[in-house]
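Visitor: Quick one: structure below, then a few questions.
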Amino acid sequence: MDADIPLTRTARQARIIAIIASEVIASQGQLRQLLAAEGINVTQATLSRDLEELHAYKEHAPNGVRAYRIPDVEELSESAVGARTQLERWATEVLTSVQPAINQVVVRTPPGAAQLLASSIDRAVFPEVLGCIAGDDTVLIVTSSEARARELSKELLELAGRK
């Protein structure tokens, strides 16, 4: 009997990307079976979240079957235009303050809204933004430089209609 292999989310998602790139995957069930064959046992809910985070979508494969595909970086940046519109909406509704701090930006929201705003920031693909961490009412954005943190602070305030 095979034991479950403890795996990080990042490693699991890397395997999902590799499997989708190498095989025609028509369903989540098929993908779950292939992962399980490698000792990676995931629930349907976890697999669904992984596919969403990877921006997976279905398209017609050469054999006519609708199969999963993971977009490349260029495709993701094109979809960032729509994500910016969504970010603008959320920033207008939930952003309460923005404060640059060295190469970081601290963004405050009402309780419970930080993860929503952080997710929108991630999807908007800002240049030189290394990542976001969200708590309950605070988002920490790490940028590549102090100057970029100041610029991003201004951009977020403009998106929220506050400058």
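Labels for the structure tokens follow display order: chains A, B, ..., residues from 1 in each chain, ligands from 1.
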Running DSSP on the backbone, which parts of chain A land in strand (DSSP E), as a PyMOL selection string?

Guide: chain A and resi 57-60+66-69+97-101+104-108+129-134+138-143

Visitor: Do you know which residues are at most 9 Å from A:Ala101 counting only C-alpha atoms, after dropping those on the same chain fewer than 3 positions away, and could you put them as a VMD selection string?

Guide: chain A and resid 104 to 106 146 149 to 150

Visitor: Nearest to A:Glu155: which of A:Thr8, A:Gln99, A:Gln44, A:Asn63 is it, counting only C-alpha atoms?

Guide: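 Answer, going by the shortest atom-to-atom distance: A:Gln99.
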
Visitor: Might you pull out every residue within 12 Å of A:Gly64, with only C-alpha atoms counted and same-chain residues fewer than 5 positions away left off, and present them as a list in words?

Guide: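 Counting only C-alpha atoms, the residues come to Val24, Ala26, Lys58 and Glu59 of chain A.
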
Visitor: Selection from above, N, CA and C atoms, as a PDB file, in the first residue's frame, can you write it?

Guide:
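Writing the result to part_17.pdb gives the following:
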ATOM      1  N   VAL A  24      -2.924  14.774 -22.577  1.00  0.00           N
ATOM      2  CA  VAL A  24      -4.238  15.375 -22.783  1.00  0.00           C
ATOM      3  C   VAL A  24      -5.089  15.011 -21.570  1.00  0.00           C
ATOM      4  N   ALA A  26      -8.579  15.518 -19.838  1.00  0.00           N
ATOM      5  CA  ALA A  26      -9.935  15.958 -20.149  1.00  0.00           C
ATOM      6  C   ALA A  26     -10.791  16.222 -18.910  1.00  0.00           C
ATOM      7  N   LYS A  58      -9.988  25.001 -20.255  1.00  0.00           N
ATOM      8  CA  LYS A  58     -10.115  23.929 -21.237  1.00  0.00           C
ATOM      9  C   LYS A  58     -10.187  24.514 -22.639  1.00  0.00           C
ATOM     10  N   GLU A  59      -9.507  23.821 -23.546  1.00  0.00           N
ATOM     11  CA  GLU A  59      -9.575  24.173 -24.960  1.00  0.00           C
ATOM     12  C   GLU A  59      -9.595  22.883 -25.764  1.00  0.00           C
TER      13      GLU A  59
END

Visitor: Counting only C-alpha atoms, what is within 10 Å of A:Leu116, bar same-chain residues fewer than 2 positions away, as an NGL selection string?

Guide: :A and (87 or 90-91 or 94 or 109 or 112-114 or 118-121 or 134 or 136 or 139)

Visitor: Go ahead and dump the residues you just picked, N, CA, C and O atoms, as a PDB file, in the first residue's frame.

Guide:
ATOM      1  N   LEU A  87      -9.458  44.887  -9.896  1.00  0.00           N
ATOM      2  CA  LEU A  87      -8.723  45.480  -8.777  1.00  0.00           C
ATOM      3  C   LEU A  87      -9.216  46.894  -8.496  1.00  0.00           C
ATOM      4  O   LEU A  87      -9.376  47.284  -7.339  1.00  0.00           O
ATOM      5  N   TRP A  90     -12.379  46.628  -6.497  1.00  0.00           N
ATOM      6  CA  TRP A  90     -12.163  46.231  -5.107  1.00  0.00           C
ATOM      7  C   TRP A  90     -11.428  47.315  -4.326  1.00  0.00           C
ATOM      8  O   TRP A  90     -11.740  47.569  -3.162  1.00  0.00           O
ATOM      9  N   ALA A  91     -10.457  47.962  -4.969  1.00  0.00           N
ATOM     10  CA  ALA A  91      -9.716  49.023  -4.282  1.00  0.00           C
ATOM     11  C   ALA A  91     -10.659  50.156  -3.892  1.00  0.00           C
ATOM     12  O   ALA A  91     -10.573  50.693  -2.780  1.00  0.00           O
ATOM     13  N   VAL A  94     -12.744  48.605  -0.820  1.00  0.00           N
ATOM     14  CA  VAL A  94     -12.186  48.107   0.440  1.00  0.00           C
ATOM     15  C   VAL A  94     -10.854  48.708   0.866  1.00  0.00           C
ATOM     16  O   VAL A  94     -10.456  48.532   2.013  1.00  0.00           O
ATOM     17  N   THR A 109      -7.427  47.374   4.979  1.00  0.00           N
ATOM     18  CA  THR A 109      -8.795  47.165   4.501  1.00  0.00           C
ATOM     19  C   THR A 109      -9.700  46.983   5.719  1.00  0.00           C
ATOM     20  O   THR A 109      -9.199  46.798   6.830  1.00  0.00           O
ATOM     21  N   GLY A 112     -11.600  41.296   7.202  1.00  0.00           N
ATOM     22  CA  GLY A 112     -12.086  40.254   6.301  1.00  0.00           C
ATOM     23  C   GLY A 112     -11.873  40.524   4.824  1.00  0.00           C
ATOM     24  O   GLY A 112     -12.143  39.662   3.996  1.00  0.00           O
ATOM     25  N   ALA A 113     -11.364  41.703   4.449  1.00  0.00           N
ATOM     26  CA  ALA A 113     -11.262  42.050   3.032  1.00  0.00           C
ATOM     27  C   ALA A 113      -9.842  41.971   2.475  1.00  0.00           C
ATOM     28  O   ALA A 113      -9.648  42.084   1.267  1.00  0.00           O
ATOM     29  N   ALA A 114      -8.855  41.763   3.315  1.00  0.00           N
ATOM     30  CA  ALA A 114      -7.462  41.816   2.854  1.00  0.00           C
ATOM     31  C   ALA A 114      -7.147  40.730   1.822  1.00  0.00           C
ATOM     32  O   ALA A 114      -6.471  41.005   0.827  1.00  0.00           O
ATOM     33  N   ALA A 118      -5.663  41.353  -1.885  1.00  0.00           N
ATOM     34  CA  ALA A 118      -4.363  40.781  -2.236  1.00  0.00           C
ATOM     35  C   ALA A 118      -4.468  39.893  -3.467  1.00  0.00           C
ATOM     36  O   ALA A 118      -3.609  39.942  -4.356  1.00  0.00           O
ATOM     37  N   SER A 119      -5.502  39.099  -3.542  1.00  0.00           N
ATOM     38  CA  SER A 119      -5.706  38.239  -4.704  1.00  0.00           C
ATOM     39  C   SER A 119      -5.873  39.078  -5.965  1.00  0.00           C
ATOM     40  O   SER A 119      -5.319  38.749  -7.023  1.00  0.00           O
ATOM     41  N   SER A 120      -6.604  40.175  -5.865  1.00  0.00           N
ATOM     42  CA  SER A 120      -6.778  41.064  -7.016  1.00  0.00           C
ATOM     43  C   SER A 120      -5.464  41.713  -7.418  1.00  0.00           C
ATOM     44  O   SER A 120      -5.186  41.876  -8.605  1.00  0.00           O
ATOM     45  N   ILE A 121      -4.652  42.086  -6.449  1.00  0.00           N
ATOM     46  CA  ILE A 121      -3.338  42.669  -6.745  1.00  0.00           C
ATOM     47  C   ILE A 121      -2.469  41.637  -7.457  1.00  0.00           C
ATOM     48  O   ILE A 121      -1.813  41.942  -8.458  1.00  0.00           O
ATOM     49  N   ALA A 134      -1.511  38.379   2.820  1.00  0.00           N
ATOM     50  CA  ALA A 134      -2.711  38.994   3.369  1.00  0.00           C
ATOM     51  C   ALA A 134      -3.078  38.395   4.709  1.00  0.00           C
ATOM     52  O   ALA A 134      -3.016  37.181   4.892  1.00  0.00           O
ATOM     53  N   ASP A 136      -6.089  39.496   7.926  1.00  0.00           N
ATOM     54  CA  ASP A 136      -7.521  39.773   7.980  1.00  0.00           C
ATOM     55  C   ASP A 136      -7.843  41.156   7.419  1.00  0.00           C
ATOM     56  O   ASP A 136      -8.756  41.310   6.622  1.00  0.00           O
ATOM     57  N   VAL A 139      -2.696  43.939   3.983  1.00  0.00           N
ATOM     58  CA  VAL A 139      -1.977  43.305   2.886  1.00  0.00           C
ATOM     59  C   VAL A 139      -0.557  43.858   2.899  1.00  0.00           C
ATOM     60  O   VAL A 139      -0.370  45.076   2.954  1.00  0.00           O
TER      61      VAL A 139
END

Visitor: Return the single residue from A:Leu51, A:Thr43, A:Ile133, A:Ser153 that is closest to A:Ala14, with distances computed using only C-alpha atoms.

Guide: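 Going through A:Leu51, A:Thr43, A:Ile133, A:Ser153 one by one, the smallest distance to A:Ala14 is for A:Leu51.
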
Visitor: From the DSSP assignment of the backbone, select every residue of stretch 100-134 of chain A that is helix (DSSP H, G or I), and format the answer as a PyMOL selection string.

Guide: chain A and resi 114-124

Visitor: Would you kindly return, as a ChimeraX atom specification, each protein, DNA or RNA residue with an atom no farther than 12 Å from any atom of A:Leu35, considering only C-alpha atoms and excluding same-chain residues fewer than 2 positions away?

Guide: /A:4-5,7,11-20,25,28-33,37-44,47

Visitor: Export, as a CSV table (one decimal), in the first residue's frame, the selected residues with C-alpha atoms.

Guide:
chain,number,residue,atom,x,y,z
A,4,ASP,CA,0.7,9.6,0.9
A,5,ILE,CA,3.7,11.7,0.0
A,7,LEU,CA,4.0,17.7,-0.7
A,11,ALA,CA,5.4,21.2,-5.6
A,12,ARG,CA,2.0,19.7,-6.2
A,13,GLN,CA,1.1,22.5,-8.6
A,14,ALA,CA,4.4,22.0,-10.5
A,15,ARG,CA,3.4,18.4,-11.0
A,16,ILE,CA,0.0,19.4,-12.2
A,17,ILE,CA,1.6,21.8,-14.8
A,18,ALA,CA,4.0,19.0,-15.9
A,19,ILE,CA,1.2,16.5,-16.3
A,20,ILE,CA,-1.0,18.9,-18.3
A,25,ILE,CA,-6.2,15.8,-19.5
A,28,GLN,CA,-10.2,16.6,-13.0
A,29,GLY,CA,-10.9,12.9,-12.2
A,30,GLN,CA,-8.3,11.9,-14.8
A,31,LEU,CA,-5.8,14.3,-13.3
A,32,ARG,CA,-6.5,13.1,-9.8
A,33,GLN,CA,-5.8,9.5,-10.9
A,37,ALA,CA,-0.4,7.2,-9.3
A,38,GLU,CA,2.6,9.3,-8.3
A,39,GLY,CA,1.6,9.2,-4.7
A,40,ILE,CA,0.0,12.6,-4.6
A,41,ASN,CA,-3.4,12.2,-3.2
A,42,VAL,CA,-5.6,15.4,-3.3
A,43,THR,CA,-9.2,16.1,-2.7
A,44,GLN,CA,-11.4,17.3,-5.5
A,47,LEU,CA,-7.4,20.1,-7.1

Visitor: Skip A:Gly131 itself and residues of its chain fewer than 4 positions away, then list as a PyMOL selection string all residues within 8 Å of it, counting only C-alpha atoms.

Guide: chain A and resi 122+141-143

Visitor: For those residues, write N, CA, C and O atoms to a file as a CSV table (one decimal), in the first residue's frame.

Guide:
chain,number,residue,atom,x,y,z
A,122,ASP,N,-2.5,40.4,-7.0
A,122,ASP,CA,-1.7,39.3,-7.6
A,122,ASP,C,-2.1,39.1,-9.1
A,122,ASP,O,-1.3,39.0,-10.0
A,141,ILE,N,2.7,44.0,0.6
A,141,ILE,CA,3.2,43.9,-0.8
A,141,ILE,C,4.7,44.1,-0.8
A,141,ILE,O,5.1,45.1,-0.3
A,142,VAL,N,5.4,43.1,-1.3
A,142,VAL,CA,6.9,43.3,-1.4
A,142,VAL,C,7.2,43.6,-2.8
A,142,VAL,O,6.8,42.9,-3.7
A,143,THR,N,8.0,44.7,-3.0
A,143,THR,CA,8.4,45.2,-4.3
A,143,THR,C,9.9,45.0,-4.4
A,143,THR,O,10.6,44.7,-3.5

Visitor: Figure out the distance between atom CA of A:Ser27 and atom CA of A:Val65, please, to one decimal in Å.

Guide: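 Calculated distance between atom CA of A:Val65 and atom CA of A:Ser27 is 10.4 Å.
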
Visitor: When you draw a straight line from atom CA of A:Phe126 to atom CA of A:Arg9, how long is it in Å?

Guide: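 Atom-to-atom, atom CA of A:Phe126 and atom CA of A:Arg9 are spaced 23.2 Å apart.
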